[in-house]
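Colleague: This one is my_file-v2.txt, compact mmCIF, C-alpha atoms.
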# COMPACT_ATOMS: atom_id res chain seq x y z
CA MET A 785 -24.76 -16.99 -24.35
CA PRO A 786 -21.77 -14.64 -24.56
CA GLU A 787 -18.34 -16.19 -24.87
CA LEU A 788 -14.88 -14.95 -24.01
CA PRO A 789 -13.95 -12.06 -26.29
CA LYS A 790 -11.28 -12.65 -28.90
CA ASP A 791 -9.82 -9.14 -28.65
CA LEU A 792 -10.21 -5.86 -26.80
CA ASP A 793 -12.68 -4.42 -29.33
CA GLU A 794 -15.00 -7.36 -28.76
CA ALA A 795 -14.61 -7.02 -24.97
CA ILE A 796 -15.55 -3.33 -25.13
CA ALA A 797 -18.54 -4.06 -27.35
CA GLN A 798 -19.72 -6.73 -24.91
CA ALA A 799 -19.20 -4.39 -21.96
CA LYS A 800 -21.25 -1.61 -23.59
CA THR A 801 -24.10 -3.98 -24.36
CA ALA A 802 -24.03 -5.38 -20.83
CA THR A 803 -24.00 -1.90 -19.31
CA LYS A 804 -27.00 -0.75 -21.34
CA ALA A 805 -28.91 -3.93 -20.49
CA ALA A 806 -28.24 -3.57 -16.76
CA LEU A 807 -29.31 0.09 -16.71
CA GLU A 808 -32.44 -0.70 -18.73
CA ASP A 809 -33.29 -3.44 -16.23
CA GLY A 810 -33.25 -0.92 -13.40
CA TYR A 811 -29.79 -1.25 -11.90
CA ARG A 812 -28.52 2.16 -10.84
CA LEU A 813 -24.93 1.45 -9.77
CA VAL A 814 -23.02 -0.81 -12.16
CA GLN A 815 -19.40 -1.61 -12.78
CA VAL A 816 -17.27 -2.67 -15.75
CA GLU A 817 -13.98 -4.47 -15.09
CA ILE A 818 -11.51 -5.65 -17.72
CA GLY A 819 -8.56 -7.22 -15.93
CA ILE A 820 -5.99 -6.66 -18.63
CA PRO A 821 -2.71 -4.93 -17.74
CA GLU A 822 -1.67 -1.65 -19.30
CA LEU A 823 -5.04 -0.77 -20.79
CA LYS A 824 -5.38 2.74 -22.20
CA VAL A 825 -8.34 3.86 -20.14
CA GLN A 826 -9.24 7.16 -21.79
CA PRO A 827 -10.09 5.71 -25.24
CA ILE A 828 -12.22 3.03 -23.59
CA ALA A 829 -14.08 5.67 -21.58
CA GLU A 830 -14.77 7.58 -24.79
CA GLU A 831 -16.47 4.45 -26.17
CA PHE A 832 -18.96 4.61 -23.29
CA LEU A 833 -19.95 8.25 -23.76
CA PRO A 834 -22.68 7.49 -26.34
CA ILE A 835 -24.55 5.40 -23.77
CA PHE A 836 -24.98 8.54 -21.67
CA GLU A 837 -25.33 10.99 -24.58
CA GLU A 838 -28.21 9.03 -26.07
CA SER A 839 -30.06 8.85 -22.75
CA PHE A 840 -29.24 12.14 -21.05
CA GLY A 841 -27.93 14.58 -23.66
CA ASP A 842 -25.75 17.02 -21.73
CA ARG A 843 -27.31 16.25 -18.34
CA PHE A 844 -24.59 13.95 -17.04
CA LYS A 845 -21.06 14.20 -15.70
CA VAL A 846 -17.84 12.28 -16.30
CA TYR A 847 -15.37 11.93 -13.44
CA PHE A 848 -11.69 10.98 -13.52
CA PRO A 849 -9.56 10.33 -10.40
CA ASP A 850 -7.89 13.74 -10.57
CA ALA A 851 -7.95 17.08 -12.36
CA GLY A 852 -4.97 16.19 -14.56
CA ALA A 853 -6.60 13.09 -16.04
CA ALA A 854 -9.82 15.01 -16.60
CA ALA A 855 -7.94 17.83 -18.38
CA LEU A 856 -6.30 15.31 -20.73
CA ALA A 857 -9.69 13.84 -21.58
CA ARG A 858 -11.17 17.28 -22.32
CA ARG A 859 -8.21 18.01 -24.58
CA ASP A 860 -8.36 14.72 -26.46
CA TRP A 861 -12.13 14.43 -26.72
CA GLY A 862 -12.67 17.99 -27.86
CA GLU A 863 -15.51 20.27 -26.83
CA ARG A 864 -18.34 18.49 -25.07
CA PRO A 865 -21.62 19.91 -23.75
CA TYR A 866 -21.29 18.11 -20.42
CA ILE A 867 -18.82 18.41 -17.56
CA ILE A 868 -15.65 16.30 -17.38
CA ARG A 869 -13.81 16.80 -14.10
CA GLY A 870 -11.71 15.23 -11.39
CA LEU A 871 -13.55 13.69 -8.45
CA SER A 872 -12.69 16.47 -6.02
CA GLU A 873 -12.86 19.48 -8.34
CA PRO A 874 -15.37 22.11 -7.14
CA LYS A 875 -16.57 22.66 -10.73
CA GLY A 876 -17.54 19.00 -10.89
CA GLN A 877 -20.01 18.99 -8.02
CA MET A 878 -23.20 17.04 -8.63
CA GLN A 879 -26.31 19.06 -9.32
CA PRO A 880 -30.02 18.20 -8.98
CA PHE A 881 -30.49 18.41 -12.76
CA ASP A 882 -27.78 15.82 -13.46
CA GLU A 883 -29.32 12.57 -14.69
CA GLY A 884 -26.34 10.21 -14.86
CA PHE A 885 -22.68 9.78 -13.92
CA LEU A 886 -19.64 7.98 -15.32
CA PHE A 887 -16.67 7.36 -13.02
CA VAL A 888 -13.49 6.41 -14.87
CA GLU A 889 -10.80 4.28 -13.18
CA PRO A 890 -11.31 5.29 -9.55
CA SER A 891 -8.80 3.64 -7.23
CA ALA A 892 -8.74 2.73 -3.55
CA VAL A 893 -7.21 6.16 -2.90
CA GLU A 894 -10.47 7.81 -4.00
CA VAL A 895 -12.85 5.20 -2.64
CA ASN A 896 -14.21 7.34 0.21
CA THR A 897 -14.95 10.22 -2.15
CA LEU A 898 -16.46 7.81 -4.65
CA GLU A 899 -18.70 6.28 -2.01
CA LYS A 900 -20.03 9.69 -0.94
CA MET A 901 -20.68 10.73 -4.53
CA CYS A 902 -22.47 7.47 -5.36
CA GLU A 903 -24.62 8.01 -2.29
CA GLN A 904 -25.36 11.54 -3.51
CA ALA A 905 -26.22 10.17 -6.96
CA GLY A 906 -29.01 8.18 -5.35
CA ASP A 907 -31.13 6.34 -7.92
CA ARG A 908 -29.61 8.18 -10.89
CA PRO A 909 -27.77 5.80 -13.28
CA THR A 910 -24.09 5.54 -12.33
CA VAL A 911 -21.39 3.55 -14.10
CA ILE A 912 -17.97 2.79 -12.59
CA LEU A 913 -15.58 2.00 -15.43
CA LEU A 914 -12.36 0.02 -14.94
CA PRO A 915 -12.10 0.59 -11.17
CA LYS A 916 -9.12 -0.25 -9.01
CA LEU A 917 -10.96 -0.52 -5.73
CA GLU A 918 -9.63 -3.77 -4.27
CA ASN A 919 -6.16 -2.58 -3.28
CA VAL A 920 -5.88 -4.35 0.06
CA ALA A 921 -2.86 -2.26 1.11
CA ILE A 922 -5.05 0.86 1.11
CA ILE A 923 -8.54 -0.42 1.83
CA GLY A 924 -7.25 -2.80 4.50
CA ILE A 925 -8.05 -6.38 5.33
CA GLY A 926 -9.41 -5.78 8.82
CA LEU A 927 -12.67 -4.38 10.13
CA ALA A 928 -12.49 -1.16 8.11
CA GLY A 929 -11.96 -3.02 4.84
CA ARG A 930 -14.76 -5.47 5.61
CA GLN A 931 -17.15 -2.65 6.51
CA LEU A 932 -16.31 -0.84 3.28
CA ARG A 933 -17.05 -3.94 1.24
CA GLU A 934 -20.32 -4.60 3.06
CA ARG A 935 -21.42 -0.97 3.06
CA PHE A 936 -20.46 0.10 -0.45
CA LEU A 937 -18.56 -2.30 -2.70
CA SER A 938 -21.12 -5.06 -2.27
CA THR A 939 -23.88 -2.74 -3.55
CA ILE A 940 -22.23 -2.39 -6.97
CA GLU A 941 -23.62 -4.65 -9.69
CA SER A 942 -20.79 -6.07 -11.79
CA CYS A 943 -22.38 -6.01 -15.23
CA TYR A 944 -19.17 -6.88 -17.10
CA TYR A 945 -16.09 -8.63 -15.78
CA ILE A 946 -13.22 -10.46 -17.38
CA GLN A 947 -10.14 -11.62 -15.51
CA PRO A 948 -7.79 -14.00 -17.31
CA LYS A 949 -5.36 -16.01 -15.23
CA GLU A 950 -2.85 -18.73 -16.00
CA GLY A 951 -4.95 -21.62 -17.22
CA TYR A 952 -8.41 -20.16 -16.70
CA ALA A 953 -10.53 -17.00 -16.88
CA VAL A 954 -13.43 -15.65 -14.82
CA PHE A 955 -16.05 -13.91 -16.95
CA ARG A 956 -19.43 -12.23 -16.58
CA CYS A 957 -21.50 -10.39 -19.19
CA TYR A 958 -24.90 -9.22 -17.89
CA PRO A 959 -27.50 -10.69 -17.85
CA SER A 960 -25.65 -14.00 -18.09
CA PRO A 961 -24.34 -15.63 -14.89
CA TRP A 962 -20.73 -15.71 -13.75
CA GLN A 963 -18.65 -18.12 -15.79
CA VAL A 964 -15.32 -19.90 -15.39
CA TRP A 965 -13.48 -20.86 -18.56
CA LEU A 966 -10.64 -23.37 -18.48
CA GLU A 967 -7.77 -23.36 -20.93
CA ASN A 968 -7.96 -26.30 -23.32
CA GLY A 969 -5.08 -26.22 -25.78
CA ASP A 970 -5.38 -23.03 -27.82
CA THR A 971 -8.97 -22.38 -26.74
CA TYR A 972 -11.05 -22.03 -23.57
CA GLU A 973 -13.80 -24.36 -22.38
CA LEU A 974 -16.74 -23.27 -20.21
CA ILE A 975 -16.71 -25.32 -16.99
CA SER A 976 -19.05 -23.44 -14.65
CA GLU A 977 -21.90 -20.94 -14.39
CA THR A 978 -22.89 -19.48 -11.00
CA ALA A 979 -25.22 -16.74 -9.78
CA THR A 980 -22.44 -15.07 -7.76
CA LYS A 981 -18.79 -14.40 -8.48
CA PRO A 982 -16.65 -17.47 -7.75
CA VAL A 983 -13.68 -16.59 -5.54
CA GLY A 984 -11.26 -18.24 -3.16
CA ASP A 985 -12.16 -21.79 -2.14
CA ASP A 986 -15.23 -21.85 -4.39
CA LEU A 987 -13.18 -20.97 -7.45
CA GLU A 988 -10.49 -23.46 -6.45
CA ARG A 989 -13.07 -26.21 -6.08
CA LEU A 990 -14.59 -25.53 -9.52
CA ILE A 991 -11.22 -25.71 -11.24
CA THR A 992 -10.10 -28.73 -9.23
CA GLN A 993 -13.25 -30.61 -10.23
CA ALA A 994 -12.75 -29.70 -13.87
CA THR A 995 -9.09 -30.71 -13.94
CA GLY A 996 -9.47 -33.74 -11.67
CA LYS A 997 -6.48 -32.65 -9.60
CA ALA A 998 -6.34 -31.71 -5.92
CA GLU A 999 -3.40 -30.18 -4.10
CA GLU A 1000 -2.89 -28.13 -1.01
CA PRO A 1001 -4.07 -24.54 -1.60
CA THR A 1002 -1.59 -21.72 -1.70
CA ASP A 1003 -1.94 -18.54 0.36
CA GLU A 1004 -3.79 -17.03 -2.58
CA GLY A 1005 -6.47 -19.72 -2.27
CA ILE A 1006 -5.77 -21.26 -5.70
CA ASN A 1007 -4.13 -24.66 -6.18
CA LYS A 1008 -0.43 -24.71 -6.89
CA SER A 1009 -1.26 -26.90 -9.85
CA LEU A 1010 -3.16 -23.96 -11.34
CA THR A 1011 -0.44 -21.37 -10.91
CA ALA A 1012 2.35 -23.31 -12.59
CA PRO A 1013 2.53 -24.58 -16.19
CA LYS A 1014 1.26 -28.16 -16.40
CA LYS A 1015 2.19 -28.68 -20.02
CA PRO A 1016 4.19 -26.93 -22.75
CA GLY A 1017 2.42 -23.93 -24.18
CA LEU A 1018 0.27 -22.84 -21.22
CA MET A 1019 2.21 -19.63 -20.63
CA THR A 1020 2.53 -19.05 -24.36
CA ASN A 1021 -1.21 -19.34 -24.88
CA MET A 1022 -2.04 -17.06 -21.95
CA LYS A 1023 0.42 -14.40 -23.07
CA ARG A 1024 -1.10 -14.58 -26.54
CA PHE A 1025 -4.56 -14.09 -25.06
CA LEU A 1026 -3.45 -11.14 -22.93
CA ARG A 1027 -1.54 -9.59 -25.81
CA ALA A 1028 -4.53 -9.84 -28.12
CA LEU A 1029 -6.80 -8.15 -25.58
CA SER A 1030 -4.26 -5.38 -24.98
CA GLN A 1031 -3.91 -4.40 -28.63
Would you write out, as structure tokens, the structure that this file holds?
Modeller:
Amino acid sequence: MPELPKDLDEAIAQAKTATKAALEDGYRLVQVEIGIPELKVQPIAEEFLPIFEESFGDRFKVYFPDAGAAALARRDWGERPYIIRGLSEPKGQMQPFDEGFLFVEPSAVEVNTLEKMCEQAGDRPTVILLPKLENVAIIGIGLAGRQLRERFLSTIESCYYIQPKEGYAVFRCYPSPWQVWLENGDTYELISETATKPVGDDLERLITQATGKAEEPTDEGINKSLTAPKKPGLMTNMKRFLRALSQ
């Protein structure tokens, strides 16, 4: 069973293994999320290129949110036999001979374009790397946002996910189930495994049961007792964990 990574290198290695396993098992639209602030996305994306190179040679495309980000990647990665373009660049249009696609850090701004391109990709392997698709201010929290989630976002298989919070972390490394890890001193203790991602009231209930505390939920759906330090060192330990993953 995979455990929480100790640093960013270990997280990337886990994510690559999970991505390959999900694609080999037949998933065709998968996603990798590492919820660590200020990640340098381009070097992480470069780590994923061999997954596609080994399987498809030069018959795949890499997409960045815009032409500028794609140009920087082409400059830094050197000459490559496959196309690296922005989502809306004419030279990056999908072709029938393409066999796979890697989308790097698409945001809610590009979500409509991304949805159309994933639909065009069909059953060809597609990986969405470090997306920023849950920006409620852009996607919306009403009918349009709900339809988008049901129509598109819910079809994406999250093969790797790590989101550390104050006092706990939500983690998934395919093919293992979703896990919740609770801070215990300087380490983290596994408290739950579920088939689906724990969110909102379900996540609150899991943590409340593990801590033995119950308080009125905040607007964010997580107990106030979980968003404030309960003992000396909680914030210090979490910052250390985040800092280690960001290095």
Colleague: Would you list the contacts of region 928-942 of chain A as a ChimeraX atom specification, taking every protein, DNA or RNA residue within 12 Å and counting all atoms listed in the file, but skipping same-chain residues closer than 4 positions in sequence?
Modeller: /A:799,802-803,806-807,809-818,892,895-903,909-924,946,955-962,979-981
Colleague: Name the residues in contact with Glu973 (chain A) at a cut-off of 10 Å, using all atoms listed in the file, excluding same-chain residues fewer than 4 positions from it; report them as an mmCIF file with C-alpha atoms, in the frame of the given file.
Modeller:
data_model
loop_
_atom_site.group_PDB
_atom_site.id
_atom_site.type_symbol
_atom_site.label_atom_id
_atom_site.label_comp_id
_atom_site.auth_asym_id
_atom_site.auth_seq_id
_atom_site.Cartn_x
_atom_site.Cartn_y
_atom_site.Cartn_z
ATOM 1 C CA GLU A 787 -18.340 -16.190 -24.870
ATOM 2 C CA LEU A 788 -14.880 -14.950 -24.010
ATOM 3 C CA TYR A 952 -8.410 -20.160 -16.700
ATOM 4 C CA ALA A 953 -10.530 -17.000 -16.880
ATOM 5 C CA VAL A 964 -15.320 -19.900 -15.390
ATOM 6 C CA TRP A 965 -13.480 -20.860 -18.560
ATOM 7 C CA LEU A 966 -10.640 -23.370 -18.480
ATOM 8 C CA GLU A 967 -7.770 -23.360 -20.930
ATOM 9 C CA ASN A 968 -7.960 -26.300 -23.320
ATOM 10 C CA GLY A 969 -5.080 -26.220 -25.780
#
Colleague: Between A:Phe840, A:Trp861, A:Tyr866, A:Tyr847, which residue has the minimum interatomic distance to Glu883 (chain A), considering only C-alpha atoms?
Modeller: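 Using only C-alpha atoms, the shortest distance to Glu883 (chain A) belongs to A:Phe840.
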Colleague: May I ask for the distance between CA of Glu808 (chain A) and CA of Glu894 (chain A), given in Å to one decimal place?
Modeller: 27.8 Å
Colleague: Could you check which residues have any atom within 12 Å of (-11.9, 16.5, -22.3), counting all atoms listed in the file with coordinates taken straight from the file, and then list them as a PyMOL selection string?
Modeller: chain A and resi 826-827+829-830+833+845-848+851-870
Colleague: Report, in Å to a single decimal, how far apart CA of Ile828 (chain A) and CA of Gln798 (chain A) are.
Modeller: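 Going from CA of Gln798 (chain A) over to CA of Ile828 (chain A), I get 12.4 Å.
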Colleague: Would you work out the distance separating CA of Thr971 (chain A) from CA of Arg989 (chain A), expressed in Å to one decimal?
Modeller: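 Computing the Euclidean distance for CA of Thr971 (chain A) and CA of Arg989 (chain A) yields 21.4 Å.
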Colleague: Which residue gives the smallest distance to Leu792 (chain A) among A:Ile835, A:Leu990, A:Ala805, A:Leu823, with all atoms listed in the file counted?
Modeller: A:Leu823
Colleague: Kindly add N, CA, C and O atoms to the incomplete region 833-855 of chain A and provide the output as a tab-separated table (two decimals), in the coordinates of the input.
Modeller:
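File result-v3.tsv, as written:
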chain	number	residue	atom	x	y	z
A	833	LEU	N	-19.23	6.97	-23.78
A	833	LEU	CA	-19.95	8.25	-23.76
A	833	LEU	C	-21.29	8.20	-24.49
A	833	LEU	O	-22.28	8.77	-24.01
A	834	PRO	N	-21.38	7.52	-25.66
A	834	PRO	CA	-22.68	7.49	-26.34
A	834	PRO	C	-23.81	6.89	-25.53
A	834	PRO	O	-24.98	7.27	-25.72
A	835	ILE	N	-23.50	5.97	-24.62
A	835	ILE	CA	-24.55	5.40	-23.77
A	835	ILE	C	-25.23	6.50	-22.98
A	835	ILE	O	-26.47	6.53	-22.83
A	836	PHE	N	-24.44	7.43	-22.46
A	836	PHE	CA	-24.98	8.54	-21.67
A	836	PHE	C	-25.55	9.64	-22.57
A	836	PHE	O	-26.59	10.23	-22.27
A	837	GLU	N	-24.87	9.94	-23.66
A	837	GLU	CA	-25.33	10.99	-24.58
A	837	GLU	C	-26.70	10.67	-25.14
A	837	GLU	O	-27.57	11.56	-25.25
A	838	GLU	N	-26.92	9.41	-25.50
A	838	GLU	CA	-28.21	9.03	-26.07
A	838	GLU	C	-29.34	9.12	-25.05
A	838	GLU	O	-30.48	9.42	-25.40
A	839	SER	N	-29.02	8.87	-23.79
A	839	SER	CA	-30.06	8.85	-22.75
A	839	SER	C	-30.27	10.20	-22.08
A	839	SER	O	-31.39	10.56	-21.73
A	840	PHE	N	-29.16	10.95	-21.89
A	840	PHE	CA	-29.24	12.14	-21.05
A	840	PHE	C	-28.82	13.44	-21.73
A	840	PHE	O	-28.88	14.50	-21.11
A	841	GLY	N	-28.38	13.36	-23.00
A	841	GLY	CA	-27.93	14.58	-23.66
A	841	GLY	C	-26.72	15.17	-22.96
A	841	GLY	O	-25.68	14.54	-22.86
A	842	ASP	N	-26.87	16.39	-22.45
A	842	ASP	CA	-25.75	17.02	-21.73
A	842	ASP	C	-25.98	17.01	-20.22
A	842	ASP	O	-25.25	17.66	-19.48
A	843	ARG	N	-26.95	16.25	-19.77
A	843	ARG	CA	-27.31	16.25	-18.34
A	843	ARG	C	-26.64	15.09	-17.59
A	843	ARG	O	-27.30	14.33	-16.87
A	844	PHE	N	-25.34	14.94	-17.80
A	844	PHE	CA	-24.59	13.95	-17.04
A	844	PHE	C	-23.16	14.45	-16.87
A	844	PHE	O	-22.73	15.41	-17.51
A	845	LYS	N	-22.44	13.80	-15.99
A	845	LYS	CA	-21.06	14.20	-15.70
A	845	LYS	C	-20.13	13.00	-15.80
A	845	LYS	O	-20.51	11.87	-15.49
A	846	VAL	N	-18.89	13.29	-16.22
A	846	VAL	CA	-17.84	12.28	-16.30
A	846	VAL	C	-16.76	12.64	-15.29
A	846	VAL	O	-16.28	13.78	-15.27
A	847	TYR	N	-16.37	11.67	-14.48
A	847	TYR	CA	-15.37	11.93	-13.44
A	847	TYR	C	-14.14	11.05	-13.63
A	847	TYR	O	-14.25	9.84	-13.82
A	848	PHE	N	-12.97	11.67	-13.54
A	848	PHE	CA	-11.69	10.98	-13.52
A	848	PHE	C	-11.12	11.09	-12.10
A	848	PHE	O	-11.57	11.91	-11.30
A	849	PRO	N	-10.10	10.29	-11.77
A	849	PRO	CA	-9.56	10.33	-10.40
A	849	PRO	C	-9.03	11.69	-9.99
A	849	PRO	O	-9.10	12.05	-8.81
A	850	ASP	N	-8.47	12.45	-10.94
A	850	ASP	CA	-7.89	13.74	-10.57
A	850	ASP	C	-8.07	14.74	-11.70
A	850	ASP	O	-8.49	14.40	-12.81
A	851	ALA	N	-7.75	16.00	-11.40
A	851	ALA	CA	-7.95	17.08	-12.36
A	851	ALA	C	-7.08	16.91	-13.60
A	851	ALA	O	-7.49	17.25	-14.72
A	852	GLY	N	-5.86	16.36	-13.43
A	852	GLY	CA	-4.97	16.19	-14.56
A	852	GLY	C	-5.52	15.21	-15.59
A	852	GLY	O	-5.49	15.49	-16.80
A	853	ALA	N	-6.03	14.07	-15.13
A	853	ALA	CA	-6.60	13.09	-16.04
A	853	ALA	C	-7.84	13.64	-16.74
A	853	ALA	O	-8.06	13.39	-17.93
A	854	ALA	N	-8.64	14.40	-16.00
A	854	ALA	CA	-9.82	15.01	-16.60
A	854	ALA	C	-9.44	16.03	-17.67
A	854	ALA	O	-10.07	16.12	-18.72
A	855	ALA	N	-8.40	16.82	-17.41
A	855	ALA	CA	-7.94	17.83	-18.38
A	855	ALA	C	-7.46	17.16	-19.67
A	855	ALA	O	-7.72	17.66	-20.77
